[in-house]
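Shown here: input11.txt, compact mmCIF, C-alpha atoms.
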```
# COMPACT_ATOMS: atom_id res chain seq x y z
CA MET E 1 113.68 74.47 -65.61
CA ILE E 2 115.51 71.23 -66.13
CA ARG E 3 116.16 71.04 -62.42
CA SER E 4 112.51 71.44 -61.54
CA ARG E 5 111.61 68.70 -64.06
CA ARG E 6 114.09 66.40 -62.39
CA LEU E 7 112.52 67.16 -59.04
CA VAL E 8 109.07 66.34 -60.36
CA TRP E 9 110.41 63.14 -61.91
CA ALA E 10 112.14 62.15 -58.74
CA ALA E 11 109.05 62.93 -56.69
CA GLY E 12 106.93 60.88 -59.06
CA LEU E 13 109.35 57.99 -58.93
CA GLY E 14 109.26 58.12 -55.15
CA LEU E 15 105.48 57.91 -55.13
CA VAL E 16 105.61 54.92 -57.44
CA VAL E 17 108.10 53.16 -55.14
CA VAL E 18 106.01 53.93 -52.06
CA GLY E 19 102.90 52.77 -53.87
CA ALA E 20 104.54 49.55 -54.93
CA ALA E 21 105.71 48.94 -51.39
CA SER E 22 102.28 49.53 -50.00
CA CYS E 23 100.78 47.21 -52.59
CA LYS E 24 103.17 44.42 -51.70
CA LYS E 25 101.21 41.35 -50.97
CA LYS E 26 101.05 40.71 -47.29
CA GLU E 27 102.89 37.60 -46.15
CA PRO E 28 100.47 35.00 -44.97
CA PRO E 29 100.57 34.64 -41.24
CA PRO E 30 102.79 31.84 -40.05
CA PRO E 31 100.90 28.66 -39.53
CA ALA E 32 99.61 28.25 -36.07
CA GLU E 33 101.65 25.99 -33.93
CA THR E 34 100.38 22.49 -34.47
CA SER E 35 98.83 21.11 -31.41
CA ALA E 36 100.32 18.06 -29.77
CA ALA E 37 100.52 14.93 -31.95
CA PRO E 38 97.24 13.07 -32.07
CA ALA E 39 96.92 10.58 -29.27
CA PRO E 40 97.92 7.11 -30.39
CA ALA E 41 95.13 4.60 -30.73
CA PRO E 42 94.57 2.82 -27.45
CA ALA E 43 96.43 -0.45 -27.25
CA PRO E 44 94.20 -3.48 -27.67
CA PRO E 45 93.56 -5.35 -24.44
CA ALA E 46 95.94 -8.11 -23.53
CA PHE E 47 94.88 -11.55 -24.59
CA ALA E 48 92.84 -13.29 -21.91
CA VAL E 49 90.22 -15.97 -21.51
CA GLN E 50 86.88 -14.45 -20.64
CA GLY E 51 84.79 -17.53 -20.06
CA ILE E 52 84.19 -21.21 -20.67
CA GLU E 53 80.75 -22.57 -21.46
CA LEU E 54 79.71 -26.17 -21.97
CA GLY E 55 76.90 -27.39 -24.16
CA LYS E 56 75.70 -29.99 -26.61
CA THR E 57 76.08 -27.80 -29.70
CA VAL E 58 77.75 -24.57 -30.78
CA ASP E 59 76.57 -22.05 -33.32
CA ALA E 60 78.52 -20.55 -36.21
CA ASP E 61 80.12 -18.14 -33.74
CA LYS E 62 81.55 -21.15 -31.87
CA LYS E 63 79.45 -20.20 -28.87
CA VAL E 64 77.19 -22.45 -26.86
CA ALA E 65 73.57 -21.39 -27.27
CA ALA E 66 72.22 -23.48 -24.38
CA PRO E 67 74.86 -23.86 -21.67
CA THR E 68 74.60 -26.97 -19.50
CA THR E 69 76.80 -29.03 -17.21
CA THR E 70 74.78 -32.24 -17.46
CA PHE E 71 75.04 -34.54 -20.45
CA GLY E 72 73.71 -37.86 -21.63
CA ARG E 73 75.90 -40.88 -22.29
CA LYS E 74 75.66 -40.48 -26.06
CA ASP E 75 76.18 -36.72 -26.22
CA THR E 76 78.95 -34.79 -27.86
CA ILE E 77 80.32 -32.31 -25.34
CA TYR E 78 81.37 -28.88 -26.49
CA ALA E 79 83.47 -26.40 -24.55
CA SER E 80 83.39 -22.88 -25.95
CA VAL E 81 86.22 -20.66 -24.78
CA THR E 82 85.67 -16.95 -25.30
CA THR E 83 88.70 -14.70 -25.37
CA GLU E 84 89.49 -11.04 -25.75
CA GLY E 85 92.56 -9.23 -26.96
CA ALA E 86 94.96 -9.64 -29.83
CA ALA E 87 98.09 -11.73 -30.07
CA PRO E 88 100.31 -12.92 -32.92
CA SER E 89 100.13 -16.50 -31.68
CA LYS E 90 98.43 -18.21 -28.78
CA THR E 91 97.89 -21.89 -28.17
CA LEU E 92 94.67 -22.74 -26.40
CA SER E 93 94.55 -26.22 -24.94
CA ALA E 94 91.75 -28.26 -23.43
CA LYS E 95 92.36 -31.23 -21.17
CA TRP E 96 89.32 -33.40 -20.42
CA THR E 97 89.55 -35.63 -17.37
CA PHE E 98 87.35 -38.20 -15.66
CA GLN E 99 86.58 -38.25 -11.95
CA ASP E 100 89.35 -40.77 -11.27
CA GLY E 101 91.93 -38.42 -12.77
CA GLN E 102 92.20 -40.34 -16.01
CA THR E 103 92.80 -38.16 -19.06
CA VAL E 104 89.95 -38.47 -21.51
CA LYS E 105 91.36 -36.27 -24.28
CA GLU E 106 93.81 -33.42 -24.82
CA GLN E 107 93.45 -30.94 -27.64
CA SER E 108 95.05 -27.70 -28.71
CA GLN E 109 94.32 -24.93 -31.17
CA SER E 110 96.82 -22.27 -32.21
CA ILE E 111 95.23 -18.94 -33.02
CA ALA E 112 96.26 -15.41 -33.94
CA PRO E 113 93.34 -13.43 -32.50
CA THR E 114 92.82 -9.84 -33.55
CA GLY E 115 90.07 -9.16 -31.01
CA PRO E 116 87.25 -10.96 -29.27
CA ALA E 117 87.06 -14.59 -30.40
CA ALA E 118 85.54 -17.91 -29.49
CA THR E 119 87.24 -21.27 -29.78
CA GLU E 120 85.41 -24.55 -29.37
CA PHE E 121 86.72 -27.95 -28.34
CA HIS E 122 84.51 -31.00 -28.53
CA ILE E 123 84.68 -34.64 -27.63
CA SER E 124 82.52 -37.59 -28.56
CA LYS E 125 82.72 -41.29 -27.90
CA LYS E 126 81.89 -44.18 -30.19
CA GLY E 127 80.56 -46.12 -27.24
CA LEU E 128 78.65 -44.74 -24.28
CA TRP E 129 80.35 -42.33 -21.93
CA PRO E 130 80.99 -43.80 -18.50
CA ALA E 131 78.60 -42.06 -16.11
CA GLY E 132 80.32 -39.82 -13.63
CA LYS E 133 81.94 -36.47 -13.08
CA TYR E 134 84.27 -34.89 -15.56
CA LYS E 135 86.30 -31.74 -15.89
CA VAL E 136 87.71 -29.71 -18.73
CA GLU E 137 90.74 -27.54 -18.00
CA VAL E 138 91.70 -24.80 -20.43
CA SER E 139 95.20 -23.40 -20.67
CA VAL E 140 96.86 -20.70 -22.74
CA ASP E 141 100.42 -21.45 -23.81
CA GLY E 142 100.57 -23.98 -21.00
CA SER E 143 99.30 -21.67 -18.26
CA PRO E 144 95.96 -22.57 -16.63
CA ALA E 145 93.18 -20.22 -17.75
CA GLY E 146 90.09 -21.81 -16.24
CA SER E 147 88.14 -25.03 -15.86
CA LYS E 148 84.60 -26.31 -15.87
CA ASP E 149 83.09 -29.37 -14.18
CA PHE E 150 80.32 -31.38 -15.73
CA GLU E 151 78.50 -34.63 -15.24
CA ILE E 152 77.43 -37.42 -17.56
CA LYS E 153 74.34 -39.39 -16.45
CA MET W 1 85.13 -60.86 -0.17
CA PRO W 2 83.92 -58.98 -3.22
CA ASP W 3 86.40 -56.99 -5.24
CA ASP W 4 85.59 -53.31 -4.72
CA LYS W 5 87.82 -52.25 -7.58
CA GLN W 6 85.83 -50.77 -10.45
CA PRO W 7 87.14 -51.54 -13.92
CA LYS W 8 88.96 -48.55 -15.30
CA ALA W 9 86.88 -46.49 -17.69
CA ASP W 10 87.98 -46.87 -21.29
CA PHE W 11 88.41 -43.65 -23.25
CA SER W 12 90.43 -45.08 -26.12
CA ASP W 13 87.58 -44.48 -28.56
CA VAL W 14 87.09 -40.83 -27.69
CA GLU W 15 87.30 -38.51 -30.66
CA GLY W 16 87.51 -34.77 -30.68
CA GLY W 17 88.16 -31.63 -32.59
CA SER W 18 88.40 -27.90 -32.29
CA SER W 19 87.82 -24.74 -34.30
CA SER W 20 87.91 -21.03 -33.72
CA THR W 21 86.55 -17.75 -34.99
CA ALA W 22 90.09 -16.38 -34.69
CA PRO W 23 92.46 -16.84 -37.63
CA PRO W 24 94.96 -19.64 -37.23
CA ALA W 25 98.38 -18.71 -35.96
CA PRO W 26 100.98 -18.52 -38.69
CA SER W 27 103.10 -21.59 -38.72
CA SER W 28 106.70 -21.77 -39.65
CA GLY W 29 105.97 -25.19 -41.07
CA ARG W 30 108.97 -26.53 -39.26
CA THR W 31 108.84 -30.10 -38.11
CA TYR W 32 111.28 -32.33 -36.33
CA THR W 33 111.55 -36.09 -36.29
CA VAL W 34 112.66 -37.56 -33.01
CA VAL W 35 115.84 -39.60 -32.91
CA LYS W 36 117.18 -41.84 -30.18
CA GLY W 37 118.33 -39.89 -27.14
CA ASP W 38 116.05 -36.91 -27.77
CA SER W 39 113.90 -35.22 -25.17
CA LEU W 40 111.56 -32.26 -25.52
CA SER W 41 114.07 -30.13 -23.61
CA LYS W 42 116.83 -31.11 -26.00
CA ILE W 43 114.68 -30.29 -29.02
CA ALA W 44 113.67 -26.95 -27.47
CA LYS W 45 117.32 -26.13 -26.85
CA GLN W 46 118.09 -26.95 -30.47
CA PHE W 47 115.34 -24.76 -31.94
CA TYR W 48 114.96 -21.99 -29.37
CA GLY W 49 118.31 -22.07 -27.60
CA ASN W 50 116.44 -22.58 -24.36
CA ALA W 51 115.55 -25.99 -22.96
CA SER W 52 112.81 -24.55 -20.77
CA GLN W 53 110.76 -23.81 -23.90
CA TRP W 54 109.95 -27.54 -24.20
CA LYS W 55 106.38 -26.86 -23.14
CA LYS W 56 105.78 -24.87 -26.30
CA ILE W 57 106.56 -27.94 -28.39
CA TYR W 58 104.50 -30.10 -26.06
CA GLU W 59 101.49 -27.77 -26.32
CA ALA W 60 101.66 -27.77 -30.11
CA ASN W 61 101.81 -31.55 -30.27
CA LYS W 62 99.51 -32.66 -27.52
CA ASP W 63 97.57 -34.75 -29.95
CA THR W 64 100.58 -36.99 -30.42
CA ILE W 65 102.49 -36.60 -27.15
CA LYS W 66 100.71 -38.45 -24.38
CA ASN W 67 103.48 -38.01 -21.84
CA PRO W 68 106.06 -35.26 -22.30
CA ASP W 69 108.65 -37.47 -20.63
CA LEU W 70 108.11 -40.19 -23.19
CA ILE W 71 108.80 -39.43 -26.81
CA TYR W 72 109.84 -42.01 -29.32
CA PRO W 73 112.22 -42.13 -32.28
CA GLY W 74 110.30 -41.61 -35.49
CA GLN W 75 107.68 -39.28 -34.01
CA THR W 76 107.39 -36.05 -35.98
CA PHE W 77 106.57 -32.87 -34.08
CA LYS W 78 105.46 -29.45 -35.27
CA ILE W 79 107.88 -26.80 -34.08
CA PRO W 80 106.01 -23.57 -33.34
CA ASP W 81 107.65 -20.22 -33.91
CA ALA W 82 109.68 -18.94 -31.00
```

Show this structure as structure tokens.
Amino acid sequence: MIRSRRLVWAAGLGLVVVGAASCKKKEPPPPAETSAAPAPAPAPPAFAVQGIELGKTVDADKKVAAPTTTFGRKDTIYASVTTEGAAPSKTLSAKWTFQDGQTVKEQSQSIAPTGPAATEFHISKKGLWPAGKYKVEVSVDGSPAGSKDFEIK
Amino acid sequence: MPDDKQPKADFSDVEGGSSSTAPPAPSSGRTYTVVKGDSLSKIAKQFYGNASQWKKIYEANKDTIKNPDLIYPGQTFKIPDA
């Protein structure tokens, strides 16, 4: 009698163990393999001069609204240099020369562009400009980056 | 015989300026005052360890340096970061 009770007890205990095992919470599936690291952001374009425009005025964006290469003898002459790219430090220079090779003015502007930008250089004269042909040469850190001819009549 | 030579144009009263939409480059604020015997190459060697970097100083001081071969004691130049 006692033996049969033990058997029943043991059988019951076994069922409980099996039940507990079957109720064991399933392990969550392992996380899927992460795909390759996200592609790094594309590098900004290298700094470069895109264009040089001449005019009699510039707007708030330092761009010439009405480009021209002919000026009057009392005009202020603006050269707007548009650039692209980022750089921690770049020195833009403008050298203005007369037709005989004489230097009219040299200017420079150090910038730390973070993207597209426009830089203006301008010259004016207290007296009248000598009539003739002129040129403005733009350089970046001393390396030529473009030039523009113009005339004063 | 008439003199064909035109008088040289005078640009001594030319004024100018510049501005940009880009932020100004950070400046170290370093300056250097020229002493007798200096040259841009010598100053570049002193600050950058490389005499060929003289053009960097020249570019940053074009408003005051008319001829890079001629600098004078007492002139003060901005020294851009290397």

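For the atom pair formed by atom CA of E:Lys125 and atom CA of W:Lys62, the distance is 18.9 Å, given to one decimal.
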
Checklist entry - Taking only C-alpha atoms into account, what are the residues of chain W at most 10 Å from chain E, put as a VMD selection string? => result chain W and resid 8 to 27 55 to 56 58 to 66 80 to 82

Next on the checklist: Rounded to one decimal, what separation in Å do you get between atom CA of W:Thr76 and atom CA of W:Arg30?
Outcome noted: 10.2 Å

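For the pair atom CA of E:Phe71 and atom CA of E:Gly146, the interatomic distance is 20.2 Å.
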